[in-house]
file target.txt (compact mmCIF, C-alpha atoms and all ligand atoms)
# COMPACT_ATOMS: atom_id res chain seq x y z
CA MET A 1 0.00 0.00 0.00
CA ALA A 2 1.20 3.49 -0.80
CA GLU A 3 1.75 5.70 2.24
CA LEU A 4 -0.65 8.63 2.69
CA VAL A 5 1.13 11.93 3.43
CA ARG A 6 -0.11 15.39 4.39
CA ASP A 7 2.12 18.37 3.60
CA ARG A 8 2.16 22.01 2.52
CA GLY A 9 3.51 23.02 -0.83
CA LEU A 10 4.00 25.94 -3.20
CA VAL A 11 2.89 25.30 -6.76
CA LEU A 12 5.94 25.78 -8.99
CA GLN A 13 4.56 24.49 -12.27
CA THR A 14 1.52 22.72 -13.68
CA GLN A 15 1.32 20.69 -16.82
CA ASP A 16 -1.76 19.24 -18.51
CA HIS A 17 -1.76 15.47 -18.66
CA ALA A 18 -4.13 13.13 -20.50
CA GLU A 19 -7.74 14.34 -20.87
CA THR A 20 -8.44 15.93 -17.51
CA ASP A 21 -5.35 15.40 -15.34
CA LEU A 22 -2.62 17.74 -14.16
CA ILE A 23 0.96 17.04 -13.22
CA VAL A 24 1.87 19.51 -10.49
CA SER A 25 5.41 20.37 -9.39
CA LEU A 26 5.38 21.52 -5.78
CA LEU A 27 8.00 22.73 -3.37
CA THR A 28 6.91 21.01 -0.16
CA GLU A 29 7.84 21.60 3.43
CA GLY A 30 8.47 17.94 4.18
CA ARG A 31 10.02 16.49 1.04
CA GLY A 32 11.55 19.18 -1.14
CA LYS A 33 10.38 19.17 -4.72
CA LEU A 34 7.67 16.72 -5.69
CA GLU A 35 5.79 15.87 -8.84
CA ILE A 36 2.24 14.77 -8.17
CA LEU A 37 -0.45 13.52 -10.51
CA ALA A 38 -3.79 15.21 -9.85
CA LYS A 39 -6.34 13.02 -11.55
CA GLY A 40 -9.34 14.84 -12.93
CA ALA A 41 -8.00 18.20 -11.71
CA ARG A 42 -9.11 19.93 -14.89
CA ARG A 43 -12.72 18.77 -14.62
CA LEU A 44 -14.96 21.68 -13.76
CA GLU A 45 -16.60 20.01 -10.79
CA ARG A 46 -13.25 19.44 -9.06
CA THR A 47 -12.56 22.08 -6.43
CA TRP A 48 -8.81 21.36 -6.49
CA GLY A 49 -8.33 23.51 -9.52
CA ALA A 50 -7.90 26.84 -7.75
CA ALA A 51 -5.73 25.36 -5.00
CA LEU A 52 -3.31 24.10 -7.62
CA ASP A 53 -2.92 27.36 -9.54
CA LEU A 54 0.63 28.48 -10.14
CA LEU A 55 2.39 30.13 -7.15
CA ASN A 56 -0.36 29.21 -4.68
CA LEU A 57 0.30 27.71 -1.28
CA ALA A 58 -1.76 24.56 -0.86
CA GLU A 59 -2.29 21.88 1.70
CA ILE A 60 -2.07 18.52 0.03
CA VAL A 61 -2.74 14.91 0.92
CA TYR A 62 -1.13 12.43 -1.43
CA TYR A 63 -0.19 8.81 -1.85
CA ARG A 64 3.57 8.37 -1.90
CA ARG A 65 4.60 5.91 -4.55
CA ARG A 66 8.05 4.40 -4.77
CA SER A 67 8.21 4.71 -8.50
CA GLY A 68 6.41 6.99 -10.89
CA LEU A 69 4.42 10.03 -9.88
CA HIS A 70 2.87 10.42 -6.47
CA LEU A 71 -0.93 10.58 -6.55
CA LEU A 72 -2.91 13.50 -5.14
CA ARG A 73 -5.88 12.70 -2.95
CA GLU A 74 -6.86 16.15 -1.68
CA ALA A 75 -5.74 19.73 -2.13
CA SER A 76 -6.99 22.88 -0.48
CA LEU A 77 -5.89 26.47 -0.88
CA LEU A 78 -4.00 27.94 2.08
CA ARG A 79 -2.88 31.18 0.48
CA SER A 80 -2.82 32.86 -2.89
CA PHE A 81 -0.73 35.93 -3.76
CA PRO A 82 -3.02 38.31 -5.67
CA LYS A 83 -0.59 41.26 -5.70
CA ILE A 84 2.06 39.14 -7.41
CA ARG A 85 -0.44 38.23 -10.11
CA GLN A 86 -1.62 41.76 -10.70
CA ASP A 87 1.76 43.43 -11.18
CA LEU A 88 3.86 42.37 -14.16
CA SER A 89 7.26 42.93 -12.54
CA ARG A 90 6.17 41.06 -9.41
CA LEU A 91 4.76 38.24 -11.50
CA GLU A 92 7.98 37.95 -13.53
CA ALA A 93 10.03 37.84 -10.33
CA GLY A 94 7.64 35.28 -8.79
CA LEU A 95 7.81 33.02 -11.83
CA SER A 96 11.58 33.31 -12.01
CA LEU A 97 11.83 32.48 -8.31
CA ALA A 98 9.60 29.43 -8.83
CA GLN A 99 11.77 28.34 -11.76
CA TRP A 100 14.94 28.55 -9.66
CA ALA A 101 13.29 26.48 -6.94
CA LYS A 102 12.11 23.95 -9.49
CA ASP A 103 15.54 23.65 -11.10
CA LEU A 104 17.65 23.59 -7.94
CA VAL A 105 15.76 22.01 -5.04
CA PRO A 106 16.26 18.24 -5.09
CA ARG A 107 13.37 15.80 -5.07
CA GLU A 108 12.50 14.16 -1.75
CA LEU A 109 14.71 16.54 0.23
CA PRO A 110 13.92 16.16 3.96
CA ASP A 111 14.82 19.80 4.71
CA PRO A 112 12.10 22.43 5.19
CA ARG A 113 14.43 25.42 4.62
CA PRO A 114 13.99 25.81 0.84
CA PHE A 115 10.21 25.77 1.29
CA ARG A 116 10.32 28.29 4.14
CA LEU A 117 12.72 30.56 2.26
CA THR A 118 10.56 30.49 -0.86
CA LEU A 119 7.36 31.11 1.07
CA SER A 120 8.94 34.08 2.88
CA PHE A 121 10.02 35.57 -0.46
CA PHE A 122 6.56 35.05 -1.99
CA SER A 123 5.19 36.92 1.03
CA ALA A 124 7.76 39.70 0.55
CA LEU A 125 6.88 39.98 -3.15
CA GLU A 126 3.26 40.30 -2.10
CA GLY A 127 4.34 43.32 -0.01
CA ASN A 128 6.18 46.45 -1.10
CA GLY A 129 9.75 45.28 -1.69
CA ALA A 130 11.43 45.86 -5.07
CA PRO A 131 10.92 42.63 -7.06
CA GLU A 132 14.37 42.68 -8.74
CA VAL A 133 16.13 43.11 -5.38
CA LEU A 134 14.08 40.32 -3.81
CA LEU A 135 14.77 37.99 -6.71
CA CYS A 136 18.55 38.43 -6.51
CA ALA A 137 18.48 38.04 -2.72
CA TYR A 138 16.43 34.86 -3.09
CA LYS A 139 18.91 33.35 -5.55
CA PHE A 140 21.88 33.97 -3.22
CA ARG A 141 20.01 32.48 -0.29
CA LEU A 142 18.66 29.45 -2.10
CA LEU A 143 22.16 28.63 -3.40
CA THR A 144 23.52 29.01 0.13
CA ILE A 145 20.89 26.74 1.73
CA LEU A 146 21.59 24.10 -0.88
CA GLY A 147 25.31 24.13 -0.12
CA TYR A 148 26.59 26.48 -2.82
CA ARG A 149 27.42 29.57 -0.81
CA PRO A 150 29.40 32.05 -2.91
CA VAL A 151 32.38 33.77 -1.24
CA LEU A 152 31.50 37.47 -1.11
CA SER A 153 33.47 38.84 1.84
CA GLY A 154 36.73 39.24 -0.11
CA CYS A 155 39.09 37.20 -2.25
CA LEU A 156 38.27 33.51 -1.73
CA SER A 157 41.98 32.65 -1.76
CA CYS A 158 43.77 35.39 0.23
CA GLY A 159 40.88 37.29 1.81
CA GLY A 160 42.04 40.54 0.19
CA LYS A 161 39.49 43.21 -0.66
CA GLU A 162 41.13 44.90 -3.62
CA LYS A 163 41.01 44.34 -7.37
CA LEU A 164 38.37 41.66 -7.08
CA ALA A 165 36.93 39.84 -10.07
CA TRP A 166 34.16 37.24 -10.22
CA SER A 167 35.28 33.65 -10.51
CA ALA A 168 32.20 31.51 -11.08
CA ASP A 169 34.39 28.41 -11.38
CA ARG A 170 36.21 28.93 -8.09
CA GLY A 171 33.03 29.99 -6.27
CA GLY A 172 33.12 33.73 -5.65
CA LEU A 173 35.35 36.79 -5.59
CA LEU A 174 38.96 36.28 -6.56
CA CYS A 175 41.61 39.03 -6.63
CA ARG A 176 43.96 39.69 -9.53
CA ASP A 177 47.01 38.55 -7.54
CA CYS A 178 45.36 35.17 -6.92
CA GLY A 179 44.43 34.68 -10.57
CA GLY A 180 41.18 36.60 -10.86
CA THR A 181 40.50 37.60 -14.46
CA GLY A 182 37.85 39.57 -16.30
CA GLU A 183 36.20 42.80 -15.30
CA GLU A 184 36.80 44.13 -11.82
CA VAL A 185 33.79 43.96 -9.51
CA PRO A 186 33.52 47.44 -7.92
CA PRO A 187 33.35 47.48 -4.09
CA ARG A 188 29.82 48.95 -4.16
CA VAL A 189 28.68 45.93 -6.18
CA TRP A 190 30.18 43.23 -4.01
CA ARG A 191 29.00 45.01 -0.87
CA ALA A 192 25.50 45.03 -2.40
CA MET A 193 25.87 41.28 -3.01
CA GLU A 194 26.81 40.71 0.62
CA ALA A 195 23.79 42.73 1.70
CA LEU A 196 21.52 40.68 -0.58
CA LEU A 197 22.80 37.51 1.05
CA ARG A 198 22.82 38.62 4.67
CA LEU A 199 20.24 41.32 5.42
CA PRO A 200 17.03 40.35 7.19
CA LEU A 201 14.17 40.13 4.71
CA ALA A 202 12.40 43.23 6.05
CA ALA A 203 15.57 45.29 5.60
CA LEU A 204 15.76 44.40 1.89
CA ASN A 205 12.86 46.82 1.37
CA HIS A 206 15.21 49.66 2.22
CA LEU A 207 18.10 48.45 0.10
CA HIS A 208 18.62 50.57 -3.00
CA ILE A 209 20.75 49.01 -5.72
CA PRO A 210 20.98 50.75 -9.11
CA LYS A 211 19.38 48.83 -11.94
CA GLU A 212 22.64 48.29 -13.84
CA ASP A 213 24.33 46.91 -10.72
CA LEU A 214 21.44 44.49 -10.22
CA GLU A 215 21.83 43.34 -13.82
CA THR A 216 25.56 42.78 -13.25
CA ILE A 217 24.83 40.82 -10.08
CA ASP A 218 22.16 38.74 -11.80
CA ALA A 219 24.61 37.85 -14.59
CA MET A 220 27.23 36.82 -11.98
CA LEU A 221 24.61 34.69 -10.25
CA ALA A 222 23.74 32.97 -13.53
CA ALA A 223 27.42 32.23 -14.24
CA PHE A 224 27.94 30.98 -10.69
CA ARG A 225 24.96 28.65 -10.90
CA ALA A 226 26.04 27.28 -14.28
CA ALA A 227 29.56 26.60 -12.96
CA GLN A 228 28.71 25.28 -9.50
CA VAL A 229 25.42 23.42 -9.72
CA ALA A 230 25.55 20.20 -11.67
CA ARG A 231 21.95 19.53 -12.61
ZN ZN B 1 43.56 36.98 -3.46

call {"tool": "encode", "arguments": {"input": "target.txt", "output": "C-alpha cells"}}
result
Amino acid sequence: MAELVRDRGLVLQTQDHAETDLIVSLLTEGRGKLEILAKGARRLERTWGAALDLLNLAEIVYYRRRSGLHLLREASLLRSFPKIRQDLSRLEAGLSLAQWAKDLVPRELPDPRPFRLTLSFFSALEGNGAPEVLLCAYKFRLLTILGYRPVLSGCLSCGGKEKLAWSADRGGLLCRDCGGTGEEVPPRVWRAMEALLRLPLAALNHLHIPKEDLETIDAMLAAFRAAQVAR
C-alpha cells in the first residue's frame, strides 16, 4: 500500500496530462520538490483547480509511490498571492523564483528550509519590496541553503578586498594577484551582493541598488549557478 502523506507546498509548475489530469510540481515543506499527478484536476466540478494554480500555497494529501508520480488525494488552498499576479514585474520575479526552486531544489529533500525561504520571499513579493532586489536576494540564499554559498566577503583565496573579479568556477570573488580575471567587480557591487545575502528580509525593502548593478549581479549569479550546480 502506498503511504498517505499530508504536507504544505508551493505550486511551482503545472502541466496538462491526458484528458483531464494535471501534473503539479510543488515545493513542499516535508520532502523538497515533488511531482504529483492530480487526476481529474481539470474537470470543472473538481474544487482542487484553484488550489493548484501556479504560485499558490496549498495543503495537500497524497499517496507516496516508490516509482512513478505520487498521486494527489486532496488539495486545499491555504494562500494565494493576488498582488504578485496583478503586477507584471512582481509576477515575472515570482515566476523566475519558482523556476529557480524547481531547477535547484532536489526531489524528496527532507529539509524544510527551501520551502520556508521560498514562502517568505513570496510573502515579501506580495508586499512592497522591489521585485528585482528580492529575486537576486532569493537566488543567493537558495544557493547558500543548498550548499553552494558564494564567497563574497573578499578574495576567496587570500581574503584581500582589492582588485576583485568574479570567478564563477572557483566559487566567488577572486583578486587579480590570486588569478582573478575579467572585469573588476567594484566594491559597491560586491557590498551590495553581501547585503543581498545577509540582510534580514524586512531590511531588503530599504536596500537601493541601481538597476545596472542588479543586472551585473544577476549575470554573476547565472554564471555561478552554471559553474557550481551540476543539474
Ligand atoms: Zn587573493

call {"tool": "closest_residue", "arguments": {"input": "target.txt", "among": "A:Cys175, A:Leu10, A:Val133, A:Val151", "to": "ligand ZN 1 (chain B)", "atoms": "all atoms listed in the file"}}
result
A:Cys175

call {"tool": "residues_near_ligand", "arguments": {"input": "target.txt", "ligand": "ligand ZN 1 (chain B)", "cutoff": "8 Å", "atoms": "all atoms listed in the file", "output": "ChimeraX atom specification"}}
result
/A:154-161,164,174-180

call {"tool": "closest_residue", "arguments": {"input": "target.txt", "among": "A:Glu132, A:Asp87, A:Glu74, A:Glu3", "to": "Glu215 (chain A)", "atoms": "only C-alpha atoms"}}
result
A:Glu132

call {"tool": "closest_residue", "arguments": {"input": "target.txt", "among": "A:Thr144, A:Leu57, A:Thr20, A:Ala124", "to": "Arg43 (chain A)", "atoms": "all atoms listed in the file"}}
result
A:Thr20

call {"tool": "residues_around", "arguments": {"input": "target.txt", "residues": "His208 (chain A)", "least_positions_apart": "3", "cutoff": "10 Å", "atoms": "all atoms listed in the file", "output": "tab-separated table (two decimals) with C-alpha atoms, in the frame of the given file"}}
result
chain	number	residue	atom	x	y	z
A	130	ALA	CA	11.43	45.86	-5.07
A	133	VAL	CA	16.13	43.11	-5.38
A	192	ALA	CA	25.50	45.03	-2.40
A	204	LEU	CA	15.76	44.40	1.89
A	205	ASN	CA	12.86	46.82	1.37
A	211	LYS	CA	19.38	48.83	-11.94
A	214	LEU	CA	21.44	44.49	-10.22

call {"tool": "atom_distance", "arguments": {"input": "target.txt", "atom1": "CA of Asp218 (chain A)", "atom2": "CA of Thr181 (chain A)"}}
result
18.6 Å

call {"tool": "atom_distance", "arguments": {"input": "target.txt", "atom1": "CA of Pro200 (chain A)", "atom2": "CA of Ser96 (chain A)"}}
result
21.2 Å

call {"tool": "residues_around", "arguments": {"input": "target.txt", "residues": "Arg42 (chain A)", "least_positions_apart": "4", "cutoff": "12 Å", "atoms": "only C-alpha atoms", "output": "list in words"}}
result
Thr14, Gln15, Asp16, His17, Ala18, Glu19, Thr20, Asp21, Leu22, Ile23, Val24, Leu37, Ala38, Arg46, Thr47, Trp48, Gly49, Ala50, Ala51, Leu52 and Asp53 of chain A

call {"tool": "residues_near_point", "arguments": {"input": "target.txt", "point": "(31.7, 44.1, -14.1)", "cutoff": "12 Å", "atoms": "only C-alpha atoms", "output": "number ranges by chain"}}
result
A: 163-167, 173, 181-190, 212-220

call {"tool": "write_last_selection", "arguments": {"input": "target.txt", "atoms": "C-alpha atoms", "output": "PDB file, keeping the file's coordinate frame"}}
result
ATOM      1  CA  LYS A 163      41.010  44.340  -7.370  1.00  0.00           C
ATOM      2  CA  LEU A 164      38.370  41.660  -7.080  1.00  0.00           C
ATOM      3  CA  ALA A 165      36.930  39.840 -10.070  1.00  0.00           C
ATOM      4  CA  TRP A 166      34.160  37.240 -10.220  1.00  0.00           C
ATOM      5  CA  SER A 167      35.280  33.650 -10.510  1.00  0.00           C
ATOM      6  CA  LEU A 173      35.350  36.790  -5.590  1.00  0.00           C
ATOM      7  CA  THR A 181      40.500  37.600 -14.460  1.00  0.00           C
ATOM      8  CA  GLY A 182      37.850  39.570 -16.300  1.00  0.00           C
ATOM      9  CA  GLU A 183      36.200  42.800 -15.300  1.00  0.00           C
ATOM     10  CA  GLU A 184      36.800  44.130 -11.820  1.00  0.00           C
ATOM     11  CA  VAL A 185      33.790  43.960  -9.510  1.00  0.00           C
ATOM     12  CA  PRO A 186      33.520  47.440  -7.920  1.00  0.00           C
ATOM     13  CA  PRO A 187      33.350  47.480  -4.090  1.00  0.00           C
ATOM     14  CA  ARG A 188      29.820  48.950  -4.160  1.00  0.00           C
ATOM     15  CA  VAL A 189      28.680  45.930  -6.180  1.00  0.00           C
ATOM     16  CA  TRP A 190      30.180  43.230  -4.010  1.00  0.00           C
ATOM     17  CA  GLU A 212      22.640  48.290 -13.840  1.00  0.00           C
ATOM     18  CA  ASP A 213      24.330  46.910 -10.720  1.00  0.00           C
ATOM     19  CA  LEU A 214      21.440  44.490 -10.220  1.00  0.00           C
ATOM     20  CA  GLU A 215      21.830  43.340 -13.820  1.00  0.00           C
ATOM     21  CA  THR A 216      25.560  42.780 -13.250  1.00  0.00           C
ATOM     22  CA  ILE A 217      24.830  40.820 -10.080  1.00  0.00           C
ATOM     23  CA  ASP A 218      22.160  38.740 -11.800  1.00  0.00           C
ATOM     24  CA  ALA A 219      24.610  37.850 -14.590  1.00  0.00           C
ATOM     25  CA  MET A 220      27.230  36.820 -11.980  1.00  0.00           C
TER      26      MET A 220
END
